[in-house]
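Heads up, my_file-v5.txt below (compact mmCIF, C-alpha atoms):
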```
# COMPACT_ATOMS: atom_id res chain seq x y z
CA MET X 84 30.81 20.49 6.64
CA ALA X 85 33.17 21.69 9.33
CA THR X 86 35.02 19.25 11.57
CA GLU X 87 34.46 19.10 15.31
CA ALA X 88 37.90 20.65 15.85
CA GLU X 89 37.11 23.48 13.44
CA LEU X 90 33.86 24.26 15.24
CA LYS X 91 35.63 24.19 18.60
CA THR X 92 38.12 26.75 17.32
CA LEU X 93 35.27 28.83 15.89
CA GLU X 94 33.49 28.75 19.24
CA ARG X 95 36.42 30.58 20.79
CA THR X 96 36.53 33.03 17.89
CA LEU X 97 32.87 33.85 18.44
CA ILE X 98 33.40 34.50 22.14
CA GLN X 99 35.95 37.12 21.09
CA ALA X 100 33.45 38.46 18.56
CA ARG X 101 30.93 38.95 21.39
CA ILE X 102 33.57 40.90 23.28
CA ASP X 103 34.17 43.04 20.19
CA ILE X 104 30.44 43.72 19.84
CA LEU X 105 30.10 44.83 23.44
CA GLU X 106 33.21 47.00 23.38
CA MET X 107 32.39 48.77 20.12
CA ILE X 108 28.77 49.51 21.09
CA THR X 109 29.85 50.72 24.53
CA ALA X 110 32.49 52.97 22.98
CA ALA X 111 29.88 54.38 20.59
CA GLY X 112 27.38 54.98 23.37
CA SER X 113 24.59 53.68 21.14
CA GLY X 114 23.71 50.63 19.12
CA HIS X 115 21.88 47.33 19.22
CA PRO X 116 23.61 44.70 21.38
CA GLY X 117 20.72 42.25 21.78
CA GLY X 118 20.18 41.43 18.13
CA SER X 119 23.89 41.56 17.33
CA LEU X 120 24.61 38.92 19.97
CA SER X 121 21.71 36.73 18.83
CA ALA X 122 23.00 36.73 15.24
CA ILE X 123 26.75 36.37 15.74
CA ASP X 124 26.84 32.56 15.70
CA LEU X 125 24.86 32.42 12.45
CA ILE X 126 27.09 34.98 10.73
CA GLY X 127 30.25 33.45 12.15
CA VAL X 128 29.60 29.93 10.87
CA LEU X 129 28.48 31.27 7.49
CA TYR X 130 31.68 33.24 6.91
CA ALA X 131 34.03 30.66 8.38
CA HIS X 132 32.82 27.61 6.46
CA HIS X 133 30.23 28.38 3.78
CA LEU X 134 30.38 31.83 2.19
CA ARG X 135 32.57 31.67 -0.89
CA GLN X 136 34.36 35.02 -0.73
CA ASP X 137 37.95 36.19 -0.70
CA PRO X 138 38.61 39.07 1.75
CA LYS X 139 41.36 40.22 -0.61
CA ALA X 140 38.88 40.42 -3.52
CA PRO X 141 35.52 41.22 -1.88
CA SER X 142 33.98 42.41 -5.16
CA ALA X 143 34.78 39.35 -7.29
CA PRO X 144 31.80 38.89 -9.66
CA GLN X 145 31.17 35.22 -8.91
CA ARG X 146 31.34 35.52 -5.12
CA ASP X 147 28.59 34.43 -2.78
CA ARG X 148 26.80 37.38 -1.19
CA PHE X 149 25.47 38.10 2.29
CA VAL X 150 22.76 40.68 2.88
CA LEU X 151 22.19 41.69 6.50
CA SER X 152 18.58 42.78 6.20
CA LYS X 153 18.30 43.48 9.95
CA GLY X 154 20.88 46.20 9.51
CA HIS X 155 20.87 47.29 13.15
CA GLY X 156 22.74 44.04 13.90
CA VAL X 157 25.74 45.19 11.88
CA PRO X 158 28.20 45.16 14.83
CA ALA X 159 28.08 41.36 14.53
CA LEU X 160 28.95 41.58 10.85
CA TYR X 161 31.76 44.07 11.47
CA ALA X 162 33.24 41.78 14.13
CA VAL X 163 33.25 38.84 11.70
CA LEU X 164 34.56 40.87 8.75
CA ALA X 165 37.45 42.17 10.87
CA GLU X 166 38.27 38.66 12.12
CA ARG X 167 38.23 37.34 8.54
CA GLY X 168 40.61 40.07 7.35
CA TYR X 169 38.33 42.31 5.32
CA PHE X 170 39.63 45.32 7.25
CA ASP X 171 41.87 46.15 10.21
CA ARG X 172 40.47 45.31 13.65
CA ALA X 173 41.70 48.72 14.80
CA LEU X 174 38.61 50.19 13.09
CA LEU X 175 36.15 48.43 15.40
CA PRO X 176 36.21 51.11 18.15
CA THR X 177 35.22 53.72 15.53
CA LEU X 178 31.70 52.27 15.20
CA ARG X 179 29.14 55.05 14.62
CA LYS X 180 31.76 57.79 14.68
CA LEU X 181 31.62 60.58 12.10
CA GLY X 182 33.80 59.69 9.13
CA SER X 183 34.17 56.05 10.14
CA PRO X 184 33.51 53.36 7.52
CA LEU X 185 31.71 51.44 10.28
CA GLN X 186 28.36 53.18 10.39
CA GLY X 187 25.45 52.13 12.60
CA HIS X 188 23.77 50.39 9.67
CA PRO X 189 25.42 48.82 6.61
CA VAL X 190 26.41 51.30 3.91
CA VAL X 191 27.75 50.14 0.55
CA GLY X 192 31.08 51.70 -0.33
CA THR X 193 32.29 52.10 3.25
CA ALA X 194 33.65 48.91 4.83
CA PRO X 195 34.75 46.12 2.46
CA GLY X 196 32.32 43.22 2.42
CA ILE X 197 29.12 45.26 2.79
CA GLU X 198 26.79 44.19 -0.01
CA ALA X 199 23.66 46.32 0.58
CA CYS X 200 22.45 49.42 2.41
CA THR X 201 20.00 48.12 5.01
CA GLY X 202 18.35 49.28 8.18
CA SER X 203 14.95 50.31 6.86
CA LEU X 204 13.54 46.96 7.86
CA GLY X 205 11.89 44.64 5.36
CA GLN X 206 13.95 45.52 2.30
CA GLY X 207 16.89 43.11 2.41
CA LEU X 208 15.14 40.04 1.01
CA SER X 209 14.09 42.00 -2.08
CA VAL X 210 17.71 43.06 -2.60
CA ALA X 211 18.96 39.51 -2.09
CA LEU X 212 16.36 38.17 -4.51
CA GLY X 213 17.59 40.59 -7.17
CA MET X 214 21.17 39.47 -6.59
CA ALA X 215 20.19 35.81 -6.85
CA LEU X 216 18.27 36.44 -10.08
CA GLY X 217 21.26 38.32 -11.46
CA ALA X 218 23.56 35.41 -10.65
CA ARG X 219 21.17 33.06 -12.42
CA LEU X 220 21.06 35.29 -15.50
CA ASP X 221 24.87 35.37 -15.55
CA ALA X 222 25.03 31.58 -15.10
CA HIS X 223 27.03 31.96 -11.88
CA ASP X 224 26.78 29.32 -9.17
CA ALA X 225 26.74 32.02 -6.50
CA ARG X 226 24.53 31.72 -3.43
CA VAL X 227 22.90 34.75 -1.83
CA TYR X 228 22.19 34.62 1.90
CA CYS X 229 19.83 37.07 3.60
CA LEU X 230 19.64 37.34 7.40
CA MET X 231 16.34 38.75 8.65
CA GLY X 232 14.95 39.56 12.07
CA ASP X 233 11.73 38.07 13.40
CA GLY X 234 10.12 41.45 14.04
CA GLU X 235 11.32 42.51 10.62
CA ILE X 236 9.30 39.88 8.77
CA GLN X 237 6.13 41.56 9.97
CA GLU X 238 6.84 43.93 7.06
CA GLY X 239 4.77 43.33 3.94
CA GLN X 240 7.67 43.77 1.53
CA VAL X 241 9.27 40.62 2.94
CA TRP X 242 6.26 38.57 1.87
CA GLU X 243 6.20 40.12 -1.60
CA ALA X 244 9.82 39.05 -2.07
CA ALA X 245 9.13 35.61 -0.59
CA MET X 246 6.19 35.15 -2.95
CA ALA X 247 8.27 36.16 -5.98
CA ALA X 248 11.22 33.94 -5.00
CA GLY X 249 8.92 30.95 -4.65
CA LYS X 250 7.15 31.62 -7.93
CA LEU X 251 10.43 32.06 -9.79
CA ALA X 252 12.01 29.02 -8.08
CA VAL X 253 15.14 30.97 -7.14
CA ASP X 254 17.15 28.16 -5.63
CA GLY X 255 20.24 30.34 -5.26
CA LEU X 256 18.54 32.30 -2.48
CA VAL X 257 18.81 31.34 1.20
CA GLY X 258 16.93 33.18 3.93
CA ILE X 259 18.07 32.95 7.55
CA LEU X 260 15.63 34.05 10.25
CA ASP X 261 17.15 35.26 13.52
CA PHE X 262 14.16 34.26 15.65
CA ASN X 263 15.11 35.81 19.00
CA LYS X 264 11.46 36.43 19.97
CA ALA X 265 11.82 40.14 20.86
CA GLN X 266 11.67 43.46 19.03
CA ILE X 267 11.92 47.09 20.08
CA ASP X 268 8.26 47.33 21.15
CA GLY X 269 8.04 44.04 23.03
CA LEU X 270 7.81 40.33 22.44
CA VAL X 271 7.12 39.37 18.83
CA SER X 272 4.26 37.13 20.00
CA ASP X 273 2.57 40.18 21.54
CA VAL X 274 3.33 42.82 18.89
CA MET X 275 2.44 40.73 15.81
CA PRO X 276 2.82 36.95 16.01
CA ILE X 277 4.60 35.28 13.09
CA GLU X 278 4.01 31.62 13.91
CA PRO X 279 3.53 29.14 12.32
CA VAL X 280 6.50 30.64 10.52
CA GLU X 281 7.70 27.55 8.67
CA ALA X 282 4.25 26.70 7.33
CA LYS X 283 3.83 30.24 6.02
CA TRP X 284 7.10 30.20 4.08
CA GLN X 285 6.41 26.69 2.80
CA SER X 286 3.08 27.92 1.45
CA PHE X 287 5.03 30.48 -0.60
CA GLY X 288 7.12 27.72 -2.17
CA TRP X 289 10.15 27.66 0.13
CA LEU X 290 11.91 24.69 1.70
CA THR X 291 12.50 25.22 5.42
CA ARG X 292 14.59 23.85 8.24
CA ARG X 293 14.45 24.86 11.93
CA ILE X 294 17.49 24.80 14.19
CA ASP X 295 19.00 25.99 17.45
CA GLY X 296 20.69 29.19 16.27
CA HIS X 297 23.46 28.90 18.84
CA ASP X 298 24.41 25.28 18.15
CA LEU X 299 27.36 25.62 15.80
CA SER X 300 27.02 22.05 14.52
CA ALA X 301 23.33 22.58 13.74
CA ILE X 302 24.07 25.87 11.97
CA ASP X 303 26.83 24.23 9.95
CA ALA X 304 24.56 21.34 8.93
CA ALA X 305 21.73 23.68 7.95
CA LEU X 306 24.03 25.83 5.82
CA SER X 307 25.36 22.69 4.12
CA TRP X 308 21.74 21.70 3.41
CA SER X 309 21.04 25.15 1.99
CA ARG X 310 23.76 24.76 -0.64
CA VAL X 311 22.05 21.78 -2.26
CA ARG X 312 19.95 23.07 -5.15
CA GLU X 313 16.44 21.58 -5.07
CA GLY X 314 14.58 23.97 -7.34
CA LYS X 315 13.25 26.17 -4.53
CA PRO X 316 14.54 28.94 -2.25
CA LYS X 317 15.37 27.85 1.27
CA LEU X 318 14.75 29.32 4.72
CA ILE X 319 16.65 28.44 7.89
CA VAL X 320 14.60 29.34 10.96
CA ALA X 321 17.12 29.81 13.77
CA ASP X 322 15.76 29.93 17.30
CA THR X 323 18.07 32.33 19.11
CA ILE X 324 18.33 34.30 22.34
CA LYS X 325 18.56 38.07 22.32
CA GLY X 326 21.76 39.12 24.06
CA LYS X 327 23.14 35.55 23.94
CA GLY X 328 26.31 35.21 26.00
CA VAL X 329 25.57 38.07 28.40
CA SER X 330 23.46 36.92 31.34
CA PHE X 331 21.87 40.24 32.24
CA MET X 332 20.86 40.82 28.62
CA GLU X 333 19.43 37.33 28.18
CA SER X 334 17.15 37.93 31.19
CA GLU X 335 15.73 41.20 29.83
CA LEU X 336 15.26 40.58 26.13
CA VAL X 337 13.35 43.68 25.09
CA LYS X 338 15.40 46.17 27.14
CA TRP X 339 18.60 45.40 25.23
CA HIS X 340 17.25 45.79 21.72
CA GLY X 341 18.75 49.24 21.20
CA VAL X 342 20.50 50.33 24.40
CA ALA X 343 24.27 50.47 24.80
CA PRO X 344 25.75 49.01 27.99
CA THR X 345 27.37 51.34 30.49
CA GLN X 346 31.12 50.98 30.89
CA ASP X 347 30.59 49.06 34.13
CA GLN X 348 28.11 46.70 32.46
CA CYS X 349 30.48 46.18 29.55
CA THR X 350 33.38 45.44 31.90
CA GLN X 351 31.26 42.89 33.76
CA ALA X 352 30.12 41.14 30.58
CA VAL X 353 33.56 41.13 28.98
CA ALA X 354 35.13 39.67 32.12
CA ALA X 355 32.65 36.77 32.05
CA LEU X 356 33.33 36.13 28.38
CA ARG X 357 37.11 36.27 28.86
CA ALA X 358 36.75 33.77 31.68
CA ARG X 359 35.14 31.39 29.18
CA LEU X 360 38.09 31.87 26.84
CA GLY X 361 40.49 31.09 29.65
CA GLY X 362 38.63 27.93 30.54
CA ASN X 363 38.55 26.44 27.03
```
Is it possible to express this structure as structure tokens?
Amino acid sequence: MATEAELKTLERTLIQARIDILEMITAAGSGHPGGSLSAIDLIGVLYAHHLRQDPKAPSAPQRDRFVLSKGHGVPALYAVLAERGYFDRALLPTLRKLGSPLQGHPVVGTAPGIEACTGSLGQGLSVALGMALGARLDAHDARVYCLMGDGEIQEGQVWEAAMAAGKLAVDGLVGILDFNKAQIDGLVSDVMPIEPVEAKWQSFGWLTRRIDGHDLSAIDAALSWSRVREGKPKLIVADTIKGKGVSFMESELVKWHGVAPTQDQCTQAVAALRARLGGN
């Protein structure tokens, strides 16, 4: 597990990552800020302290793998990959531009560190399950992490993969649910409720743990728990806030699912975040 000092340093890094997310989406004029900001703490802790990968050898066969099933949240992943040295930060402003390796959803073969093409929601857990089964067949100790959205798990394919993972006891597979309570059409509880989410996954043979998805210590502890092999796949249910870190986004969850900030809104939000950096 990470030390208190390490998490304090990471907290500052993730404030900068939020700035990067806002600036790249604003520059693109399109994108998904709400779900990127809700997921950034989860992705940040994973890459900083738990994912066994080398940015200089991102295709090493025995590496851990991360599948961003909610592919529209990829600005968060790009921000972390750039910070970790997978590619030059100068690429971040090219998000969604023609010819850029940083497309609006993850595309294998573009930016280093992208493990799966995602964005058609509901497919990532099936991909991650296949990777975890492959690692088991090859006798690798690799872990495969799959980050899903709460609206996304309304898709039937997610439950087919969850059922198979439980039946096959794939204990190299870790699901992470970004439970920010809102999707493009409204609140998850109104569109198609998913609670009691832990009980449902447990009934499919998964071990579960629920945390505050913005508490870095809680995320770190849950990811440490997920690495212990107990003969079953594991799910971390992370309660998050859509648009976390930007006050006007946090107060209008649904609005900011897939709308880019204006330049004025971006300037306002970035100034507030930079003030937090200056005060730490």
Point-to-point distance from CA of Met246 (chain X) to CA of Phe287 (chain X), Å rounded to tenths: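 Interatomic distance here is 5.4 Å.
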Just the residues within 9 Å of Ile197 (chain X), please, counting all atoms listed in the file, with nothing from its chain fewer than 6 positions along; format it as a PyMOL selection string. chain X and resi 141+149-151+160+189-191
Around the point (32.5, 25.3, 13.3), in the coordinates given by the file, pick out the residues reaching within 9 Å, counting all atoms listed in the file, and return them as a PyMOL selection string. chain X and resi 84-94+127-128+131-132+299-300+302-303
Write out as JSON lines a residue-level contact list of region 197-299 of chain X versus region 153-157 of chain X with cut-off 6 Å: for each qualifying residue the closest pair of atoms and the distance in Å to one decimal, counting all atoms listed in the file, rows sorted by chain and residue number upward.
```
{"residue": "X:Thr201", "atom": "CA", "partner": "X:Gly154", "partner_atom": "CA", "distance": 5.0}
{"residue": "X:Gly202", "atom": "CA", "partner": "X:Gly154", "partner_atom": "CA", "distance": 4.2}
{"residue": "X:Met231", "atom": "CA", "partner": "X:Lys153", "partner_atom": "CA", "distance": 5.3}
{"residue": "X:Gly232", "atom": "CA", "partner": "X:Lys153", "partner_atom": "CA", "distance": 5.6}
```
Distance criterion (all atoms listed in the file): nearest to Ile98 (chain X) out of X:Arg312, X:His297, X:Lys338, X:Lys250: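 With all atoms listed in the file as the atom set, the closest residue is X:His297.
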Among the residues X:Thr109, X:Gly192, X:Trp308, X:Lys317, the one that comes closest to Pro176 (chain X) [using all atoms listed in the file]: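 Under the stated criterion, the closest residue is X:Thr109.
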Within 6 Å of Ala265 (chain X) using only C-alpha atoms, minus same-chain residues under 5 positions, as a VMD selection string: chain X and resid 270 to 271 337
Kindly assemble as CSV a list of the region 211-232 of chain X residues that lie within 10 Å of region 143-146 of chain X, each paired with its nearest atom pair and their distance in Å to one decimal, using all atoms listed in the file, sorted first by chain and then by ascending residue number.
```
residue,atom,partner,partner_atom,distance
X:Ala218,CA,X:Gln145,CA,7.8
X:Asp221,CA,X:Gln145,CA,9.2
X:Ala222,CA,X:Gln145,CA,9.4
X:His223,CA,X:Gln145,CA,6.0
X:Asp224,CA,X:Gln145,CA,7.4
X:Ala225,CA,X:Arg146,CA,5.9
X:Arg226,CA,X:Arg146,CA,8.0
X:Val227,CA,X:Arg146,CA,9.1
```
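From CA of Ala304 (chain X) back to CA of Gly213 (chain X), the distance works out to 26.0 Å.
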Nearby residues, (25.3, 50.9, 19.7) file frame, 8 Å, all atoms listed in the file, as a PyMOL selection string: chain X and resi 107-109+111-116+178-179+187+341-343
State, in Å with one decimal place, the distance from CA of Thr291 (chain X) to CA of Val320 (chain X). 7.2 Å
Closest contacts (region 272-292 of chain X/region 234-237 of chain X, max 12 Å, only C-alpha atoms) as CSV:
```
residue,atom,partner,partner_atom,distance
X:Ser272,CA,X:Gly234,CA,9.4
X:Asp273,CA,X:Gly234,CA,10.7
X:Val274,CA,X:Gly234,CA,8.5
X:Met275,CA,X:Gln237,CA,7.0
X:Pro276,CA,X:Gln237,CA,8.3
X:Ile277,CA,X:Gln237,CA,7.2
X:Glu278,CA,X:Gln237,CA,10.9
X:Val280,CA,X:Ile236,CA,9.8
X:Lys283,CA,X:Ile236,CA,11.4
X:Trp284,CA,X:Ile236,CA,11.0
```
Which neighbours of Tyr169 (chain X) fall inside 7 Å, counting all atoms listed in the file, when residues of the same chain fewer than 4 positions from it are skipped, and could you give them as a tab-separated table (two decimals) with C-alpha atoms, in the coordinates of the input?
```tsv
chain	number	residue	atom	x	y	z
X	138	PRO	CA	38.61	39.07	1.75
X	139	LYS	CA	41.36	40.22	-0.61
X	164	LEU	CA	34.56	40.87	8.75
X	165	ALA	CA	37.45	42.17	10.87
X	195	PRO	CA	34.75	46.12	2.46
X	196	GLY	CA	32.32	43.22	2.42
```
Quick one: of X:Leu251, X:Ala354, X:Met332, X:Ile267, who's nearest to Pro316 (chain X), counting all atoms listed in the file? X:Leu251
